[in-house]
Amino acid sequence: MRFVLLCLSLTLTATPSWSQEAIGLAAPDEISNSGLLQHILPRFSLKTGVRVVADDDGVMALAPAPPGDPVFARDETVYHLRINASAKEIKFRDWLLSEIGKRTIESFVPAEGGPFSANFEIADVVEDAKIDGNAALGQDLSFTHCGRCHVIGPQNRMNGLGSTPSFAVLRAMPDWSERFQAFFALNPHPAFTQIEGVTEPFPPERPSPIHPVEISLDDLEAILAFVAAISAADLGAPLQLQ
């Protein structure tokens, strides 16, 4: 009897600990009622020892739209998993996206409705950004504030820093609009740039190392309008962005 109890004790010690706190997963009714979670969650927990349970207030959530990672689809709807940065949540996401996780999802046969697919394509939706700024004002502001470091056009082609891309080169990048809209948050700009109503004032002990760039959101919109109208540089081969 002692030998049996010892073996049982060693077996329980070697198995995953089920006393750990479970991670909740919230999901819309169409997922919760389908039976999919009851199919995949126990299999994930058995495989990894990480307990994930259906919970309307869970820290993780499935939703039929971003944000989150697309993990499976049903009919025309792609469901996205939103997680935080904990190791257990990342493990669950990675398992869903693994070949084993995909096979587990696709092996589920719902009592009603169509099957779930873990292999799908997401169409890129590209929308033209509407820029209403004053391009002429944007040109003047670009030369005044940005021309100290960047080549804006032929007028200051000898004044830019060699390590700083020109506006024409930036305009050739596929994400040029995002770069300009958020330029004040991209190094080295935060050290000397102030956007009225957006950025915090410089700390007294860390003033701007150069004459600060001080503009408003309307000024930024004007610069965007100007950049949108300039010709992109012809860089030959596709850009390799790092």
# chains A, B, ... in the order shown; residues from 1 in each chain; ligands from 1
>>> residues_around(residues="Ile23 (chain A)", least_positions_apart="5", cutoff="8 Å", atoms="only C-alpha atoms", output="JSON, numbers by chain")
{"A": [51, 52, 53, 58, 59, 60, 89]}
>>> residues_around(residues="region 63-65 of chain A", least_positions_apart="5", cutoff="12 Å", atoms="only C-alpha atoms", output="list in words")
Leu25, Ala26, Ala27, Pro28, Asp29, Glu30, Ile31, Ser32, Pro70, Val71, Phe72, Ala73, Arg74, Asp75, Glu76, Thr77, Val78, Tyr79, His80, Leu81, Arg82, Ile83 and Ile122 of chain A
>>> residues_around(residues="region 215-229 of chain A", least_positions_apart="5", cutoff="12 Å", atoms="only C-alpha atoms", output="compact mmCIF listing (two decimals) with N, CA, C and O atoms, in the first residue's frame")
# COMPACT_ATOMS: atom_id res chain seq x y z
N ASP A 128 -7.71 55.85 -48.88
CA ASP A 128 -6.97 57.07 -49.13
C ASP A 128 -7.21 58.06 -48.01
O ASP A 128 -8.36 58.38 -47.67
N ALA A 129 -6.11 58.52 -47.41
CA ALA A 129 -6.24 59.48 -46.33
C ALA A 129 -6.63 60.85 -46.89
O ALA A 129 -6.08 61.29 -47.90
N LYS A 130 -7.59 61.46 -46.24
CA LYS A 130 -8.03 62.78 -46.68
C LYS A 130 -7.23 63.84 -45.91
O LYS A 130 -7.24 63.88 -44.69
N ILE A 131 -6.51 64.68 -46.66
CA ILE A 131 -5.68 65.71 -46.05
C ILE A 131 -6.23 67.06 -46.47
O ILE A 131 -6.31 67.38 -47.65
N ASP A 132 -6.63 67.85 -45.48
CA ASP A 132 -7.30 69.12 -45.76
C ASP A 132 -6.40 70.33 -45.50
O ASP A 132 -6.87 71.47 -45.54
N GLY A 133 -5.12 70.11 -45.22
CA GLY A 133 -4.27 71.22 -44.84
C GLY A 133 -3.94 72.14 -46.00
O GLY A 133 -4.18 71.84 -47.17
N ASN A 134 -3.38 73.29 -45.65
CA ASN A 134 -2.96 74.30 -46.61
C ASN A 134 -1.55 73.96 -47.08
O ASN A 134 -0.57 74.15 -46.36
N ALA A 135 -1.42 73.45 -48.32
CA ALA A 135 -0.14 72.99 -48.82
C ALA A 135 0.88 74.12 -48.93
O ALA A 135 2.08 73.92 -48.67
N ALA A 136 0.42 75.33 -49.32
CA ALA A 136 1.34 76.46 -49.44
C ALA A 136 1.92 76.82 -48.08
O ALA A 136 3.13 77.07 -47.94
N LEU A 137 1.06 76.85 -47.06
CA LEU A 137 1.56 77.10 -45.70
C LEU A 137 2.48 75.98 -45.27
O LEU A 137 3.52 76.23 -44.63
N GLY A 138 2.13 74.74 -45.63
CA GLY A 138 2.97 73.60 -45.27
C GLY A 138 4.35 73.69 -45.86
O GLY A 138 5.34 73.29 -45.23
N GLN A 139 4.46 74.21 -47.07
CA GLN A 139 5.77 74.38 -47.69
C GLN A 139 6.60 75.37 -46.88
O GLN A 139 7.78 75.11 -46.59
N ASP A 140 6.03 76.51 -46.53
CA ASP A 140 6.76 77.51 -45.74
C ASP A 140 7.19 76.93 -44.39
O ASP A 140 8.33 77.12 -43.95
N LEU A 141 6.28 76.20 -43.73
CA LEU A 141 6.60 75.62 -42.43
C LEU A 141 7.69 74.56 -42.55
O LEU A 141 8.56 74.44 -41.67
N SER A 142 7.66 73.80 -43.63
CA SER A 142 8.67 72.75 -43.83
C SER A 142 10.06 73.36 -43.97
O SER A 142 11.03 72.88 -43.36
N PHE A 143 10.17 74.42 -44.77
CA PHE A 143 11.47 75.06 -44.92
C PHE A 143 11.92 75.69 -43.61
O PHE A 143 13.11 75.64 -43.26
N THR A 144 10.98 76.30 -42.89
CA THR A 144 11.33 76.99 -41.65
C THR A 144 11.78 76.03 -40.56
O THR A 144 12.81 76.24 -39.90
N HIS A 145 10.99 74.97 -40.34
CA HIS A 145 11.24 74.09 -39.20
C HIS A 145 12.04 72.83 -39.55
O HIS A 145 12.82 72.35 -38.72
N CYS A 146 11.82 72.30 -40.73
CA CYS A 146 12.43 71.00 -41.07
C CYS A 146 13.67 71.15 -41.93
O CYS A 146 14.48 70.23 -42.03
N ILE A 152 14.30 69.84 -48.33
CA ILE A 152 12.87 69.94 -48.62
C ILE A 152 12.64 69.98 -50.12
O ILE A 152 11.68 69.40 -50.63
N GLY A 153 13.50 70.66 -50.83
CA GLY A 153 13.38 70.80 -52.27
C GLY A 153 14.65 71.42 -52.83
O GLY A 153 15.65 71.59 -52.11
N SER A 166 15.84 63.10 -47.34
CA SER A 166 15.11 64.25 -47.87
C SER A 166 13.61 63.97 -47.83
O SER A 166 13.18 62.83 -47.67
N PHE A 167 12.81 65.01 -48.01
CA PHE A 167 11.36 64.84 -48.05
C PHE A 167 10.96 63.97 -49.24
O PHE A 167 10.00 63.20 -49.15
N ALA A 168 11.67 64.09 -50.35
CA ALA A 168 11.34 63.27 -51.53
C ALA A 168 11.57 61.79 -51.25
O ALA A 168 10.79 60.94 -51.69
N VAL A 169 12.65 61.47 -50.53
CA VAL A 169 12.91 60.07 -50.16
C VAL A 169 11.86 59.58 -49.18
O VAL A 169 11.33 58.46 -49.32
N LEU A 170 11.54 60.39 -48.19
CA LEU A 170 10.49 60.00 -47.23
C LEU A 170 9.16 59.79 -47.94
O LEU A 170 8.41 58.87 -47.61
N ARG A 171 8.88 60.65 -48.93
CA ARG A 171 7.61 60.54 -49.66
C ARG A 171 7.53 59.24 -50.45
O ARG A 171 6.44 58.74 -50.73
N ALA A 172 8.68 58.66 -50.81
CA ALA A 172 8.70 57.42 -51.57
C ALA A 172 8.42 56.20 -50.70
O ALA A 172 8.18 55.11 -51.22
N MET A 173 8.45 56.36 -49.39
CA MET A 173 8.21 55.23 -48.50
C MET A 173 6.71 54.95 -48.41
O MET A 173 5.90 55.88 -48.36
N ASP A 175 4.88 54.06 -46.04
CA ASP A 175 4.23 54.54 -44.82
C ASP A 175 4.58 56.00 -44.54
O ASP A 175 4.61 56.43 -43.38
N TRP A 176 4.79 56.77 -45.61
CA TRP A 176 5.22 58.16 -45.42
C TRP A 176 4.24 58.96 -44.58
O TRP A 176 4.63 59.77 -43.74
N SER A 177 2.93 58.73 -44.81
CA SER A 177 1.92 59.51 -44.08
C SER A 177 2.01 59.25 -42.58
O SER A 177 1.97 60.20 -41.77
N GLU A 178 2.15 57.98 -42.20
CA GLU A 178 2.25 57.64 -40.78
C GLU A 178 3.51 58.24 -40.17
O GLU A 178 3.50 58.72 -39.04
N ARG A 179 4.60 58.23 -40.93
CA ARG A 179 5.85 58.78 -40.43
C ARG A 179 5.72 60.28 -40.15
O ARG A 179 6.21 60.77 -39.12
N PHE A 180 5.10 61.00 -41.05
CA PHE A 180 4.96 62.45 -40.86
C PHE A 180 3.95 62.77 -39.76
O PHE A 180 4.17 63.70 -38.97
N GLN A 181 2.87 62.02 -39.70
CA GLN A 181 1.88 62.29 -38.67
C GLN A 181 2.43 62.09 -37.26
O GLN A 181 2.03 62.78 -36.32
N ALA A 182 3.35 61.15 -37.12
CA ALA A 182 3.90 60.83 -35.79
C ALA A 182 5.36 61.25 -35.66
O ALA A 182 6.05 60.80 -34.75
N PHE A 183 5.81 62.16 -36.52
CA PHE A 183 7.24 62.49 -36.52
C PHE A 183 7.71 63.00 -35.17
O PHE A 183 8.85 62.75 -34.75
N PHE A 184 6.84 63.71 -34.45
CA PHE A 184 7.24 64.32 -33.19
C PHE A 184 7.52 63.28 -32.10
O PHE A 184 8.13 63.59 -31.08
N PHE A 192 13.33 68.08 -29.22
CA PHE A 192 13.26 69.51 -29.54
C PHE A 192 11.93 69.93 -30.18
O PHE A 192 11.82 71.05 -30.68
N THR A 193 10.93 69.06 -30.18
CA THR A 193 9.67 69.37 -30.85
C THR A 193 8.52 69.50 -29.87
O THR A 193 8.37 68.68 -28.95
N GLN A 194 7.70 70.51 -30.06
CA GLN A 194 6.50 70.73 -29.25
C GLN A 194 5.30 70.89 -30.18
O GLN A 194 5.32 71.73 -31.08
N ILE A 195 4.28 70.05 -29.97
CA ILE A 195 3.02 70.16 -30.70
C ILE A 195 1.98 70.70 -29.73
O ILE A 195 1.71 70.08 -28.70
N GLU A 196 1.42 71.84 -30.05
CA GLU A 196 0.47 72.49 -29.16
C GLU A 196 -0.69 71.56 -28.83
O GLU A 196 -1.36 71.02 -29.71
N GLY A 197 -0.91 71.34 -27.53
CA GLY A 197 -2.02 70.51 -27.07
C GLY A 197 -1.77 69.02 -27.16
O GLY A 197 -2.66 68.23 -26.84
N VAL A 198 -0.57 68.61 -27.58
CA VAL A 198 -0.27 67.17 -27.74
C VAL A 198 0.91 66.76 -26.87
O VAL A 198 0.80 65.84 -26.06
N THR A 199 2.04 67.42 -27.04
CA THR A 199 3.25 67.03 -26.31
C THR A 199 3.33 67.76 -24.98
O THR A 199 2.79 68.86 -24.81
>>> residues_around(residues="Gly35 (chain A)", least_positions_apart="3", cutoff="9 Å", atoms="only C-alpha atoms", output="short mmCIF file (atom, residue, chain, number, x, y, z; two decimals) with N, CA, C and O atoms, in the first residue's frame")
data_model
loop_
_atom_site.label_atom_id
_atom_site.label_comp_id
_atom_site.auth_asym_id
_atom_site.auth_seq_id
_atom_site.Cartn_x
_atom_site.Cartn_y
_atom_site.Cartn_z
N ILE A 31 -19.55 32.37 -30.61
CA ILE A 31 -18.44 31.45 -30.34
C ILE A 31 -18.74 30.62 -29.10
O ILE A 31 -18.58 29.40 -29.10
N SER A 32 -19.18 31.28 -28.04
CA SER A 32 -19.47 30.57 -26.80
C SER A 32 -20.52 29.49 -26.99
O SER A 32 -20.42 28.39 -26.44
N GLN A 38 -15.28 24.79 -25.61
CA GLN A 38 -15.29 23.56 -24.83
C GLN A 38 -14.45 22.47 -25.49
O GLN A 38 -14.00 21.53 -24.85
N HIS A 39 -14.22 22.64 -26.79
CA HIS A 39 -13.42 21.67 -27.54
C HIS A 39 -11.93 21.98 -27.44
O HIS A 39 -11.12 21.06 -27.20
N PHE A 108 -12.94 20.38 -34.88
CA PHE A 108 -14.22 20.56 -34.19
C PHE A 108 -15.36 20.59 -35.20
O PHE A 108 -15.32 21.32 -36.19
N VAL A 109 -16.40 19.79 -34.93
CA VAL A 109 -17.58 19.75 -35.78
C VAL A 109 -18.75 20.32 -35.00
O VAL A 109 -19.28 19.67 -34.09
N PRO A 110 -19.18 21.54 -35.31
CA PRO A 110 -20.29 22.15 -34.55
C PRO A 110 -21.60 21.44 -34.84
O PRO A 110 -21.82 20.92 -35.94
N ALA A 111 -22.47 21.44 -33.85
CA ALA A 111 -23.79 20.83 -34.02
C ALA A 111 -24.62 21.63 -35.01
O ALA A 111 -25.46 21.07 -35.73
#
>>> select_by_dssp(residues="region 66-220 of chain A", states="alpha helix (DSSP H)", output="VMD selection string")
chain A and resid 87 to 97 99 to 106 135 to 141 167 to 171 176 to 181 217 to 220
>>> atom_distance(atom1="CA of Lys102 (chain A)", atom2="CA of Val50 (chain A)")
18.0 Å
>>> atom_distance(atom1="CA of Asn33 (chain A)", atom2="CA of Ile105 (chain A)")
15.2 Å
>>> closest_residue(among="A:Gly147, A:Gly49, A:Pro42, A:Gly24", to="Asn84 (chain A)", atoms="only C-alpha atoms")
A:Gly24
